[in-house]
$ cat start.txt   # compact mmCIF, C-alpha atoms
# COMPACT_ATOMS: atom_id res chain seq x y z
CA MET A 1 31.09 -145.10 58.84
CA PRO A 2 28.23 -143.96 56.59
CA PHE A 3 25.40 -146.39 55.96
CA ARG A 4 23.46 -146.40 52.77
CA ALA A 5 19.92 -145.04 52.95
CA THR A 6 17.48 -147.26 51.15
CA PRO A 7 14.73 -146.04 48.82
CA HIS A 8 12.70 -149.12 49.81
CA ALA A 9 12.08 -148.13 53.44
CA TYR A 10 8.52 -147.33 54.48
CA THR A 11 7.70 -143.88 55.88
CA ASP A 12 8.39 -143.37 59.59
CA PRO A 13 4.72 -143.68 60.59
CA GLU A 14 4.37 -146.87 58.52
CA ARG A 15 7.49 -148.36 60.06
CA ALA A 16 6.22 -147.42 63.53
CA ALA A 17 2.90 -149.13 62.82
CA VAL A 18 4.63 -152.39 61.87
CA TYR A 19 6.72 -152.32 65.06
CA ARG A 20 3.65 -151.36 67.09
CA ALA A 21 1.86 -154.51 65.94
CA ILE A 22 4.96 -156.62 66.65
CA TYR A 23 5.28 -155.26 70.20
CA GLU A 24 1.59 -155.11 71.08
CA ARG A 25 0.54 -158.52 69.72
CA ARG A 26 -0.57 -160.84 72.51
CA ASP A 27 -1.62 -164.48 72.83
CA MET A 28 -5.17 -163.84 74.06
CA ARG A 29 -7.27 -165.99 76.37
CA HIS A 30 -9.95 -163.46 77.36
CA PHE A 31 -12.64 -162.65 74.80
CA LEU A 32 -15.93 -160.78 74.47
CA PRO A 33 -18.92 -162.61 72.97
CA ASP A 34 -19.48 -160.22 70.03
CA ALA A 35 -19.34 -161.63 66.51
CA LEU A 36 -16.44 -161.01 64.17
CA ALA A 37 -17.28 -159.17 60.95
CA PRO A 38 -16.86 -161.62 58.04
CA GLU A 39 -14.71 -159.18 56.05
CA VAL A 40 -12.26 -159.02 58.97
CA LEU A 41 -12.00 -162.82 59.06
CA THR A 42 -11.39 -162.81 55.31
CA ARG A 43 -8.62 -160.22 55.65
CA LEU A 44 -6.97 -162.27 58.41
CA LEU A 45 -7.08 -165.46 56.33
CA ASN A 46 -5.64 -163.59 53.35
CA ALA A 47 -2.84 -162.24 55.53
CA ALA A 48 -2.04 -165.80 56.58
CA HIS A 49 -2.10 -166.99 52.98
CA HIS A 50 0.52 -164.39 52.04
CA ALA A 51 3.11 -165.79 54.41
CA PRO A 52 6.36 -167.23 53.08
CA SER A 53 6.45 -170.99 52.60
CA VAL A 54 9.32 -173.30 51.86
CA GLY A 55 9.51 -173.92 48.09
CA PHE A 56 6.21 -171.95 47.87
CA MET A 57 4.40 -175.10 49.06
CA GLN A 58 1.65 -173.20 50.93
CA PRO A 59 1.03 -176.12 53.27
CA TRP A 60 -1.58 -174.30 55.39
CA ARG A 61 -5.21 -175.39 55.69
CA PHE A 62 -7.89 -173.86 57.88
CA ILE A 63 -11.00 -175.52 59.26
CA ARG A 64 -13.56 -173.02 60.46
CA ILE A 65 -15.65 -174.36 63.32
CA THR A 66 -19.24 -173.16 63.12
CA ARG A 67 -21.09 -176.07 64.77
CA PRO A 68 -21.43 -175.33 68.50
CA GLU A 69 -21.19 -179.01 69.47
CA LEU A 70 -17.86 -179.27 67.63
CA ARG A 71 -16.54 -176.28 69.52
CA THR A 72 -17.61 -177.92 72.77
CA ALA A 73 -15.86 -181.13 71.73
CA LEU A 74 -12.66 -179.20 70.94
CA HIS A 75 -12.87 -177.54 74.32
CA ALA A 76 -13.18 -180.92 76.00
CA LEU A 77 -10.07 -182.12 74.16
CA VAL A 78 -8.12 -179.11 75.35
CA GLU A 79 -9.35 -179.55 78.91
CA GLN A 80 -8.21 -183.19 78.85
CA GLU A 81 -4.75 -182.20 77.65
CA ARG A 82 -4.57 -179.35 80.16
CA ILE A 83 -4.89 -181.89 82.96
CA ALA A 84 -2.38 -184.27 81.32
CA THR A 85 0.07 -181.37 80.91
CA ALA A 86 -0.38 -180.31 84.54
CA ARG A 87 0.49 -183.84 85.68
CA ALA A 88 3.52 -183.95 83.40
CA LEU A 89 4.71 -180.64 84.88
CA ALA A 90 4.85 -182.32 88.32
CA ALA A 91 6.36 -179.61 90.58
CA ARG A 92 4.50 -176.81 88.78
CA GLU A 93 1.17 -178.68 88.44
CA GLU A 94 -0.78 -176.48 90.81
CA GLU A 95 0.67 -173.26 89.41
CA PHE A 96 -0.14 -174.38 85.86
CA MET A 97 -3.73 -175.27 86.71
CA LYS A 98 -4.35 -171.68 87.79
CA LEU A 99 -3.46 -170.29 84.35
CA LYS A 100 -6.13 -169.55 81.79
CA VAL A 101 -4.83 -171.40 78.74
CA GLU A 102 -7.67 -170.89 76.25
CA GLY A 103 -10.78 -168.84 75.52
CA LEU A 104 -12.45 -171.39 73.27
CA LEU A 105 -16.00 -171.09 74.56
CA GLU A 106 -16.00 -167.29 74.67
CA CYS A 107 -14.33 -166.18 71.43
CA ALA A 108 -16.17 -165.22 68.25
CA GLU A 109 -14.45 -167.60 65.85
CA VAL A 110 -12.54 -170.86 66.17
CA LEU A 111 -10.27 -172.13 63.41
CA VAL A 112 -8.11 -175.22 63.34
CA ALA A 113 -4.89 -174.54 61.44
CA ALA A 114 -3.22 -177.58 59.96
CA LEU A 115 -0.65 -178.85 57.52
CA CYS A 116 -1.95 -180.45 54.32
CA ASP A 117 -1.42 -184.12 53.54
CA GLN A 118 1.01 -185.44 50.89
CA ARG A 119 3.73 -183.09 52.08
CA GLU A 120 6.38 -185.71 51.31
CA GLN A 121 6.12 -184.58 47.67
CA HIS A 122 7.67 -181.25 48.66
CA ILE A 123 11.44 -181.68 48.82
CA PHE A 124 12.64 -178.12 48.03
CA GLY A 125 14.12 -176.71 51.26
CA ARG A 126 12.92 -179.73 53.22
CA ARG A 127 15.26 -182.60 52.29
CA THR A 128 17.30 -182.10 55.46
CA LEU A 129 14.74 -179.96 57.34
CA PRO A 130 11.33 -181.58 56.89
CA GLU A 131 9.94 -179.40 59.70
CA MET A 132 10.05 -176.39 57.37
CA ASP A 133 6.37 -177.10 56.71
CA VAL A 134 5.64 -176.39 60.38
CA ALA A 135 7.73 -173.22 60.09
CA SER A 136 5.70 -172.07 57.06
CA LEU A 137 2.37 -172.57 58.83
CA ALA A 138 3.73 -170.71 61.86
CA CYS A 139 4.70 -167.76 59.65
CA ALA A 140 1.14 -167.75 58.30
CA LEU A 141 -0.28 -167.68 61.82
CA GLN A 142 2.10 -164.90 62.83
CA ASN A 143 0.85 -162.84 59.86
CA MET A 144 -2.71 -163.47 61.02
CA TRP A 145 -1.78 -162.52 64.58
CA LEU A 146 -0.21 -159.18 63.59
CA ALA A 147 -3.05 -158.33 61.21
CA ALA A 148 -5.56 -159.18 63.96
CA ARG A 149 -3.75 -156.87 66.40
CA ALA A 150 -3.92 -154.02 63.89
CA GLU A 151 -7.65 -154.75 63.45
CA GLY A 152 -8.04 -154.58 67.23
CA ILE A 153 -8.99 -158.27 67.31
CA GLY A 154 -7.51 -160.78 69.73
CA MET A 155 -6.04 -164.10 68.69
CA GLY A 156 -5.01 -167.06 70.81
CA TRP A 157 -3.01 -170.10 69.65
CA VAL A 158 -3.90 -173.20 71.63
CA SER A 159 -1.62 -176.22 71.24
CA LEU A 160 -3.02 -178.32 74.07
CA PHE A 161 -4.70 -181.26 72.32
CA GLU A 162 -4.17 -184.85 71.29
CA VAL A 163 -3.46 -184.81 67.57
CA ALA A 164 -5.19 -188.09 66.67
CA ALA A 165 -8.38 -187.23 68.57
CA LEU A 166 -8.64 -183.82 66.94
CA LYS A 167 -8.07 -185.31 63.50
CA THR A 168 -10.87 -187.81 64.03
CA LEU A 169 -13.22 -185.07 65.21
CA LEU A 170 -12.70 -183.00 62.05
CA ASN A 171 -12.35 -185.85 59.53
CA MET A 172 -8.81 -184.85 58.66
CA PRO A 173 -6.94 -186.99 56.09
CA GLU A 174 -4.24 -189.33 57.29
CA GLY A 175 -1.17 -187.32 56.26
CA SER A 176 -2.47 -183.98 57.49
CA HIS A 177 -1.38 -182.54 60.81
CA PRO A 178 -3.12 -179.98 63.04
CA LEU A 179 -0.86 -177.42 64.72
CA ALA A 180 -3.20 -174.89 66.29
CA ILE A 181 -6.67 -174.27 67.56
CA VAL A 182 -6.98 -170.57 66.83
CA CYS A 183 -9.35 -168.39 68.86
CA LEU A 184 -10.30 -165.05 67.31
CA GLY A 185 -12.54 -162.30 68.55
CA HIS A 186 -13.14 -159.04 70.31
CA VAL A 187 -11.34 -158.63 73.61
CA PRO A 188 -11.94 -156.47 76.67
CA ALA A 189 -8.30 -155.33 76.53
CA PHE A 190 -4.94 -156.50 75.24
CA TYR A 191 -2.56 -157.58 77.99
CA ASP A 192 0.22 -155.05 78.69
CA LYS A 193 2.73 -157.90 78.72
CA PRO A 194 2.49 -161.55 77.69
CA MET A 195 0.06 -163.17 80.13
CA LEU A 196 2.64 -165.75 81.19
CA GLU A 197 5.03 -162.92 82.05
CA GLN A 198 2.34 -161.04 83.99
CA GLN A 199 1.54 -164.18 85.93
CA GLN A 200 5.23 -164.85 86.54
CA TRP A 201 5.23 -168.21 84.79
CA ALA A 202 8.46 -167.15 83.05
CA GLU A 203 10.49 -163.98 82.48
CA ARG A 204 11.54 -162.39 79.23
CA GLN A 205 15.14 -163.29 78.54
CA VAL A 206 17.81 -160.68 77.87
CA LEU A 207 18.30 -160.43 74.11
CA ASP A 208 22.08 -160.24 74.31
CA ASP A 209 22.15 -163.63 76.03
CA LEU A 210 20.52 -165.17 72.96
CA ILE A 211 23.03 -163.86 70.42
CA PHE A 212 26.43 -165.37 69.65
CA GLU A 213 29.14 -164.41 67.21
CA ASN A 214 30.60 -167.06 64.89
CA SER A 215 30.55 -169.77 67.53
CA TRP A 216 27.90 -170.83 70.04
CA ILE A 217 30.27 -172.23 72.66
CA MET B 1 -26.39 -157.78 61.40
CA PRO B 2 -24.39 -155.06 63.12
CA PHE B 3 -20.83 -155.82 64.13
CA ARG B 4 -19.23 -154.27 67.14
CA ALA B 5 -16.58 -151.63 66.47
CA THR B 6 -13.52 -152.12 68.60
CA PRO B 7 -11.67 -149.34 70.42
CA HIS B 8 -8.48 -151.44 70.06
CA ALA B 9 -8.15 -151.12 66.28
CA TYR B 10 -5.22 -149.17 64.91
CA THR B 11 -5.86 -146.11 62.72
CA ASP B 12 -6.52 -146.80 59.05
CA PRO B 13 -3.00 -145.74 57.93
CA GLU B 14 -1.44 -147.92 60.66
CA ARG B 15 -3.55 -150.89 59.66
CA ALA B 16 -2.66 -150.33 56.02
CA ALA B 17 1.05 -150.27 56.92
CA VAL B 18 0.82 -153.64 58.67
CA TYR B 19 -0.94 -155.18 55.66
CA ARG B 20 1.53 -153.51 53.32
CA ALA B 21 4.43 -155.26 55.07
CA ILE B 22 2.56 -158.57 55.00
CA TYR B 23 1.86 -158.32 51.25
CA GLU B 24 5.21 -156.84 50.16
CA ARG B 25 7.52 -159.07 52.21
CA ARG B 26 9.65 -161.29 49.97
CA ASP B 27 12.14 -164.08 50.43
CA MET B 28 15.15 -162.30 48.93
CA ARG B 29 18.09 -163.83 47.05
CA HIS B 30 19.50 -160.69 45.39
CA PHE B 31 21.46 -158.27 47.56
CA LEU B 32 23.62 -155.17 47.28
CA PRO B 33 27.01 -155.18 49.02
CA ASP B 34 26.36 -152.16 51.29
CA ALA B 35 26.66 -152.66 55.04
CA LEU B 36 23.64 -152.81 57.32
CA ALA B 37 23.47 -150.09 60.00
CA PRO B 38 23.97 -151.77 63.40
CA GLU B 39 20.89 -150.10 64.89
CA VAL B 40 18.76 -151.65 62.15
CA LEU B 41 20.14 -155.11 62.93
CA THR B 42 19.38 -154.52 66.62
CA ARG B 43 15.81 -153.49 65.81
CA LEU B 44 15.32 -156.60 63.69
CA LEU B 45 16.65 -158.88 66.42
CA ASN B 46 14.41 -157.18 68.97
CA ALA B 47 11.42 -157.66 66.69
CA ALA B 48 12.25 -161.37 66.52
CA HIS B 49 12.63 -161.57 70.29
CA HIS B 50 9.10 -160.19 70.75
CA ALA B 51 7.47 -163.04 68.90
CA PRO B 52 5.09 -165.39 70.68
CA SER B 53 6.56 -168.61 72.01
CA VAL B 54 4.92 -171.69 73.41
CA GLY B 55 4.81 -171.46 77.22
CA PHE B 56 6.94 -168.30 76.82
CA MET B 57 9.97 -170.55 76.28
CA GLN B 58 11.74 -168.13 73.88
CA PRO B 59 13.68 -170.97 72.24
CA TRP B 60 15.36 -168.75 69.63
CA ARG B 61 19.12 -168.24 69.42
CA PHE B 62 21.02 -166.26 66.78
CA ILE B 63 24.60 -166.72 65.67
CA ARG B 64 25.93 -163.72 63.80
CA ILE B 65 28.53 -164.66 61.22
CA THR B 66 31.27 -162.05 60.95
CA ARG B 67 34.25 -164.19 59.93
CA PRO B 68 34.45 -164.25 56.11
CA GLU B 69 35.83 -167.79 56.04
CA LEU B 70 32.82 -169.01 58.03
CA ARG B 71 30.47 -167.38 55.57
CA THR B 72 32.31 -169.11 52.73
CA ALA B 73 32.02 -172.42 54.58
CA LEU B 74 28.27 -171.90 55.07
CA HIS B 75 27.93 -171.11 51.40
CA ALA B 76 29.73 -174.33 50.51
CA LEU B 77 27.32 -176.29 52.74
CA VAL B 78 24.35 -174.74 50.97
CA GLU B 79 25.84 -175.43 47.56
CA GLN B 80 26.35 -179.09 48.51
CA GLU B 81 22.72 -179.40 49.64
CA ARG B 82 21.49 -177.56 46.55
CA ILE B 83 22.99 -180.29 44.39
CA ALA B 84 21.65 -183.05 46.66
CA THR B 85 18.19 -181.46 46.51
CA ALA B 86 18.34 -181.17 42.73
CA ARG B 87 19.11 -184.90 42.48
CA ALA B 88 16.28 -185.74 44.87
CA LEU B 89 13.89 -183.71 42.73
CA ALA B 90 14.64 -185.99 39.78
CA ALA B 91 12.24 -184.77 37.06
CA ARG B 92 12.64 -181.13 38.06
CA GLU B 93 16.43 -181.28 38.66
CA GLU B 94 17.39 -179.05 35.76
CA GLU B 95 14.65 -176.53 36.44
CA PHE B 96 15.66 -176.36 40.12
CA MET B 97 19.35 -175.83 39.31
CA LYS B 98 18.44 -172.66 37.39
CA LEU B 99 16.87 -171.04 40.47
CA LYS B 100 18.85 -168.67 42.65
CA VAL B 101 18.30 -170.15 46.09
CA GLU B 102 20.52 -167.94 48.25
CA GLY B 103 22.44 -164.66 48.35
CA LEU B 104 24.90 -165.67 51.03
CA LEU B 105 28.04 -164.20 49.53
CA GLU B 106 26.44 -160.89 48.55
CA CYS B 107 24.30 -159.88 51.55
CA ALA B 108 25.41 -157.54 54.32
CA GLU B 109 24.72 -159.81 57.28
CA VAL B 110 24.39 -163.55 57.80
CA LEU B 111 22.73 -165.00 60.89
CA VAL B 112 22.08 -168.60 61.77
CA ALA B 113 18.78 -168.95 63.64
CA ALA B 114 18.47 -171.97 65.86
CA LEU B 115 16.55 -173.63 68.67
CA CYS B 116 18.27 -173.74 72.06
CA ASP B 117 19.29 -177.01 73.69
CA GLN B 118 17.52 -178.59 76.69
CA ARG B 119 14.13 -177.96 75.13
CA GLU B 120 12.78 -181.20 76.62
CA GLN B 121 12.36 -179.27 79.88
CA HIS B 122 9.61 -177.23 78.24
CA ILE B 123 6.38 -179.24 78.39
CA PHE B 124 3.75 -176.45 78.40
CA GLY B 125 1.99 -176.56 75.01
CA ARG B 126 4.44 -179.17 73.73
CA ARG B 127 3.48 -182.45 75.40
CA THR B 128 1.60 -183.59 72.32
CA LEU B 129 3.09 -181.06 69.86
CA PRO B 130 6.85 -180.94 70.49
CA GLU B 131 7.33 -179.08 67.20
CA MET B 132 5.83 -175.96 68.78
CA ASP B 133 9.43 -174.86 69.39
CA VAL B 134 9.99 -174.77 65.62
CA ALA B 135 6.74 -172.82 65.30
CA SER B 136 7.92 -170.25 67.86
CA LEU B 137 11.23 -169.69 66.11
CA ALA B 138 9.38 -169.33 62.80
CA CYS B 139 7.14 -166.64 64.32
CA ALA B 140 10.29 -164.82 65.45
CA LEU B 141 11.72 -164.96 61.95
CA GLN B 142 8.44 -163.76 60.45
CA ASN B 143 8.55 -160.75 62.80
CA MET B 144 12.09 -160.06 61.63
CA TRP B 145 11.03 -160.42 58.01
CA LEU B 146 8.16 -157.94 58.27
CA ALA B 147 10.24 -155.45 60.26
CA ALA B 148 13.01 -155.75 57.66
CA ARG B 149 10.52 -155.06 54.86
CA ALA B 150 9.34 -151.91 56.65
CA GLU B 151 13.00 -150.87 57.04
CA GLY B 152 13.50 -151.42 53.30
CA ILE B 153 15.90 -154.26 54.03
CA GLY B 154 15.75 -157.64 52.31
CA MET B 155 15.77 -160.95 54.15
CA GLY B 156 16.20 -164.47 52.84
CA TRP B 157 15.60 -167.71 54.76
CA VAL B 158 17.84 -170.50 53.47
CA SER B 159 17.03 -174.03 54.66
CA LEU B 160 19.33 -175.92 52.31
CA PHE B 161 22.02 -177.38 54.58
CA GLU B 162 23.00 -180.53 56.44
CA VAL B 163 22.14 -179.96 60.08
CA ALA B 164 25.05 -181.89 61.62
CA ALA B 165 27.67 -180.22 59.42
CA LEU B 166 26.38 -176.74 60.22
CA LYS B 167 26.31 -177.51 63.94
CA THR B 168 29.93 -178.63 63.83
CA LEU B 169 30.95 -175.51 61.94
CA LEU B 170 29.45 -173.19 64.57
CA ASN B 171 30.20 -175.27 67.69
CA MET B 172 26.55 -175.68 68.48
CA PRO B 173 25.63 -177.76 71.56
CA GLU B 174 24.24 -181.24 71.07
CA GLY B 175 20.56 -180.55 71.79
CA SER B 176 20.38 -177.35 69.75
CA HIS B 177 18.95 -177.29 66.24
CA PRO B 178 19.56 -174.81 63.40
CA LEU B 179 16.51 -173.91 61.31
CA ALA B 180 17.64 -171.06 59.09
CA ILE B 181 20.59 -169.34 57.52
CA VAL B 182 19.27 -165.79 57.38
CA CYS B 183 20.60 -163.35 54.80
CA LEU B 184 19.97 -159.66 55.50
CA GLY B 185 20.89 -156.58 53.56
CA HIS B 186 20.15 -153.89 51.09
CA VAL B 187 18.51 -155.02 47.86
CA PRO B 188 18.30 -153.56 44.35
CA ALA B 189 14.51 -154.08 44.42
CA PHE B 190 11.90 -156.24 46.11
CA TYR B 191 10.34 -158.82 43.81
CA ASP B 192 6.79 -157.94 42.69
CA LYS B 193 5.73 -161.50 43.44
CA PRO B 194 7.43 -164.38 45.26
CA MET B 195 10.44 -165.32 43.13
CA LEU B 196 9.26 -168.92 42.83
CA GLU B 197 5.94 -167.65 41.47
CA GLN B 198 7.68 -165.30 39.02
CA GLN B 199 9.85 -168.15 37.81
CA GLN B 200 6.83 -170.44 37.55
CA TRP B 201 8.14 -173.00 40.02
CA ALA B 202 4.69 -173.02 41.65
CA GLU B 203 1.47 -170.98 41.59
CA ARG B 204 -0.31 -169.28 44.43
CA GLN B 205 -3.22 -171.43 45.49
CA VAL B 206 -6.78 -170.13 45.67
CA LEU B 207 -7.52 -169.26 49.30
CA ASP B 208 -11.03 -170.73 49.26
CA ASP B 209 -9.57 -174.13 48.35
CA LEU B 210 -7.58 -174.09 51.62
CA ILE B 211 -10.54 -173.43 53.91
CA PHE B 212 -13.01 -176.01 55.18
CA GLU B 213 -16.03 -175.76 57.47
CA ASN B 214 -16.31 -178.16 60.41
CA SER B 215 -15.00 -181.15 58.45
CA TRP B 216 -12.03 -181.52 56.12
CA ILE B 217 -13.48 -184.35 54.03
$ encode --input "start.txt" --output "structure tokens"
Amino acid sequence: MPFRATPHAYTDPERAAVYRAIYERRDMRHFLPDALAPEVLTRLLNAAHHAPSVGFMQPWRFIRITRPELRTALHALVEQERIATARALAAREEEFMKLKVEGLLECAEVLVAALCDQREQHIFGRRTLPEMDVASLACALQNMWLAARAEGIGMGWVSLFEVAALKTLLNMPEGSHPLAIVCLGHVPAFYDKPMLEQQQWAERQVLDDLIFENSWI
Amino acid sequence: MPFRATPHAYTDPERAAVYRAIYERRDMRHFLPDALAPEVLTRLLNAAHHAPSVGFMQPWRFIRITRPELRTALHALVEQERIATARALAAREEEFMKLKVEGLLECAEVLVAALCDQREQHIFGRRTLPEMDVASLACALQNMWLAARAEGIGMGWVSLFEVAALKTLLNMPEGSHPLAIVCLGHVPAFYDKPMLEQQQWAERQVLDDLIFENSWI
């Protein structure tokens, strides 16, 4: 059966580069102290801003943390939630506490990525799936992640924090919602595999087990 | 101020290819009828499967729709929700009804992307942000989207459907949750700009307006 060739495909090296970024991107927790060039940060934010969003709502907002005491306060929030998570994990508490779950004090740049307020005005594509705003912000962060990998810059997404406490800390409006503390910066090396796979927290599943045809059950 | 060069950066052409995919990716609604080569579909699913996921939970599941009557039924669900959305939009009802919001009957492949059941067992990174599962699936779909763009293949994410009705149609287990009807296939052309921008549904926001420093307000 012959398949149509498409004139819209990228060249082989371009295609390989896109897949390379997809396969080599890692959630980083180990950073070097060197500063991030401002033009790189701008390119990463622009990459995020060119993500898809439901009904073109562009719900993403970014708070850049430049005050050291704020960074320390964010770190304390994460540390508090790390302990609460460990307790909630019960049987795996000790194992969890050995994992490095953030690189907040070491990385060059810290951003908080959040959803804007007044999202209830956006109904297109969200009437039955209101969480499409979360999905849009996640697409933006994935763009940033892949662009960062191509730039040779590490990115870590930290979701260990109490939402209300973080909102208070950054004077976020009532209807807004933080989804990520993003760490960005130079790294000593990118992990060969996801860190949680390396440390045997979990294994990569077999793709075929995740795919069904016409019916799940 | 000198900034450190990183040995981990991709070559300039590789970096450009990653940004090219990020900037040229579009949410497609216009498709050609030609079939998609199976190896391309496999590459796209593998790209999705190599997305980040909170606590490495890999919550994504994909249901490939190959029965024509199921595709027709999905299309009917979307059409029903399109009308319900138009009514909910009130003042913009007429304008919305003129938009093409899906290409379900024309595209080569239809997948339903969903979250697995029993997600409550996954606490790592989700104790205070349970929606991180949605974020992980969205990252997977963004990987697929960028890979598809590099392959010259169009992808559309349709979120206009009643969740319960779709779950019944595909025999999805109780705790699972569909997030996208994904259309994949050859396209006549990629839109120059997001279709909703071209059709003046909404404008791209100015990036600087979306970035704050240390405090939102």
$ closest_residue --input "start.txt" --among "A:Ala150, A:Ala16, A:Ala165, A:Leu184" --to "Leu111 (chain A)" --atoms "all atoms listed in the file"
A:Leu184
$ closest_residue --input "start.txt" --among "B:Glu109, B:Asp133, B:Glu14, B:Glu24" --to "chain A" --atoms "all atoms listed in the file"
B:Glu14
$ closest_residue --input "start.txt" --among "A:Arg119, A:Arg87, A:Lys98, A:Arg126" --to "chain B" --atoms "all atoms listed in the file"
A:Arg126
$ closest_residue --input "start.txt" --among "A:Val206, A:Gln199, A:Ile83, A:Gln142" --to "His50 (chain A)" --atoms "only C-alpha atoms"
A:Gln142
$ residues_around --input "start.txt" --residues "Cys139 (chain A)" --least-positions-apart "2" --cutoff "9 Å" --atoms "all atoms listed in the file" --output "PyMOL selection string"
(chain A and resi 48+51-53+134-137+141-144) or (chain B and resi 135+138-143)
$ residues_around --input "start.txt" --residues "region 160-163 of chain B" --least-positions-apart "5" --cutoff "7 Å" --atoms "only C-alpha atoms" --output "PDB file with C-alpha atoms, in the coordinates of the input"
ATOM      1  CA  GLY A 125      14.120-176.710  51.260  1.00  0.00           C
ATOM      2  CA  THR A 128      17.300-182.100  55.460  1.00  0.00           C
TER       3      THR A 128
ATOM      4  CA  LEU B  77      27.320-176.290  52.740  1.00  0.00           C
ATOM      5  CA  VAL B  78      24.350-174.740  50.970  1.00  0.00           C
ATOM      6  CA  GLU B  81      22.720-179.400  49.640  1.00  0.00           C
ATOM      7  CA  ARG B  82      21.490-177.560  46.550  1.00  0.00           C
ATOM      8  CA  PRO B 178      19.560-174.810  63.400  1.00  0.00           C
TER       9      PRO B 178
END
$ closest_residue --input "start.txt" --among "A:Asn214, A:Asp12, A:Leu105, A:Asp208" --to "Thr42 (chain B)" --atoms "all atoms listed in the file"
A:Asp208
$ closest_residue --input "start.txt" --among "A:Gln200, A:Thr11, A:Ser215, A:Ser176" --to "chain B" --atoms "all atoms listed in the file"
A:Ser215
$ residues_around --input "start.txt" --residues "Val110 (chain A)" --least-positions-apart "2" --cutoff "10 Å" --atoms "all atoms listed in the file" --output "MDAnalysis selection string"
chainID A and resid 62:66 71 74 103:108 112:113 155:156 181:185
$ write_last_selection --input "start.txt" --atoms "C-alpha atoms" --output "mmCIF file, keeping the file's coordinate frame"
data_model
loop_
_atom_site.group_PDB
_atom_site.id
_atom_site.type_symbol
_atom_site.label_atom_id
_atom_site.label_comp_id
_atom_site.auth_asym_id
_atom_site.auth_seq_id
_atom_site.Cartn_x
_atom_site.Cartn_y
_atom_site.Cartn_z
ATOM 1 C CA PHE A 62 -7.890 -173.860 57.880
ATOM 2 C CA ILE A 63 -11.000 -175.520 59.260
ATOM 3 C CA ARG A 64 -13.560 -173.020 60.460
ATOM 4 C CA ILE A 65 -15.650 -174.360 63.320
ATOM 5 C CA THR A 66 -19.240 -173.160 63.120
ATOM 6 C CA ARG A 71 -16.540 -176.280 69.520
ATOM 7 C CA LEU A 74 -12.660 -179.200 70.940
ATOM 8 C CA GLY A 103 -10.780 -168.840 75.520
ATOM 9 C CA LEU A 104 -12.450 -171.390 73.270
ATOM 10 C CA LEU A 105 -16.000 -171.090 74.560
ATOM 11 C CA GLU A 106 -16.000 -167.290 74.670
ATOM 12 C CA CYS A 107 -14.330 -166.180 71.430
ATOM 13 C CA ALA A 108 -16.170 -165.220 68.250
ATOM 14 C CA VAL A 112 -8.110 -175.220 63.340
ATOM 15 C CA ALA A 113 -4.890 -174.540 61.440
ATOM 16 C CA MET A 155 -6.040 -164.100 68.690
ATOM 17 C CA GLY A 156 -5.010 -167.060 70.810
ATOM 18 C CA ILE A 181 -6.670 -174.270 67.560
ATOM 19 C CA VAL A 182 -6.980 -170.570 66.830
ATOM 20 C CA CYS A 183 -9.350 -168.390 68.860
ATOM 21 C CA LEU A 184 -10.300 -165.050 67.310
ATOM 22 C CA GLY A 185 -12.540 -162.300 68.550
#
$ atom_distance --input "start.txt" --atom1 "CA of Asn171 (chain B)" --atom2 "CA of Pro38 (chain B)"
24.7 Å
$ atom_distance --input "start.txt" --atom1 "CA of Ile217 (chain A)" --atom2 "CA of Leu44 (chain B)"
23.4 Å
$ atom_distance --input "start.txt" --atom1 "CA of Leu70 (chain B)" --atom2 "CA of Met172 (chain B)"
13.9 Å
$ residues_near_point --input "start.txt" --point "(-0.8, -184.4, 52.9)" --cutoff "8 Å" --atoms "only C-alpha atoms" --output "list of chain:residue names"
A:Leu115, A:Cys116, A:Asp117, A:Gln118, A:Arg119, A:Glu120, A:Pro173, A:Glu174, A:Gly175, A:Ser176
$ write_last_selection --input "start.txt" --atoms "C-alpha atoms" --output "tab-separated table (two decimals), keeping the file's coordinate frame"
chain	number	residue	atom	x	y	z
A	115	LEU	CA	-0.65	-178.85	57.52
A	116	CYS	CA	-1.95	-180.45	54.32
A	117	ASP	CA	-1.42	-184.12	53.54
A	118	GLN	CA	1.01	-185.44	50.89
A	119	ARG	CA	3.73	-183.09	52.08
A	120	GLU	CA	6.38	-185.71	51.31
A	173	PRO	CA	-6.94	-186.99	56.09
A	174	GLU	CA	-4.24	-189.33	57.29
A	175	GLY	CA	-1.17	-187.32	56.26
A	176	SER	CA	-2.47	-183.98	57.49
$ residues_around --input "start.txt" --residues "Val101 (chain B)" --least-positions-apart "4" --cutoff "10 Å" --atoms "all atoms listed in the file" --output "PyMOL selection string"
(chain A and resi 55+124-125) or (chain B and resi 27-30+78-79+82+96-97+156-160+195-196)
$ residues_around --input "start.txt" --residues "Arg25 (chain B)" --least-positions-apart "3" --cutoff "10 Å" --atoms "all atoms listed in the file" --output "ChimeraX atom specification"
/A:50-52 /B:19-22,28,142,145-150,152-155,190-194
$ decode --input "start.txt" --residues "region 33-44 of chain B" --atoms "C-alpha atoms" --output "compact mmCIF listing (two decimals), in the first residue's frame"
# COMPACT_ATOMS: atom_id res chain seq x y z
CA PRO B 33 -8.08 11.91 2.76
CA ASP B 34 -4.75 10.08 2.22
CA ALA B 35 -3.78 7.40 4.73
CA LEU B 36 -1.07 7.91 7.31
CA ALA B 37 1.93 5.55 7.06
CA PRO B 38 1.85 3.23 10.10
CA GLU B 39 5.50 3.93 10.96
CA VAL B 40 4.71 7.64 11.21
CA LEU B 41 1.84 6.94 13.61
CA THR B 42 4.18 4.77 15.69
CA ARG B 43 6.80 7.53 15.80
CA LEU B 44 4.18 10.05 16.92
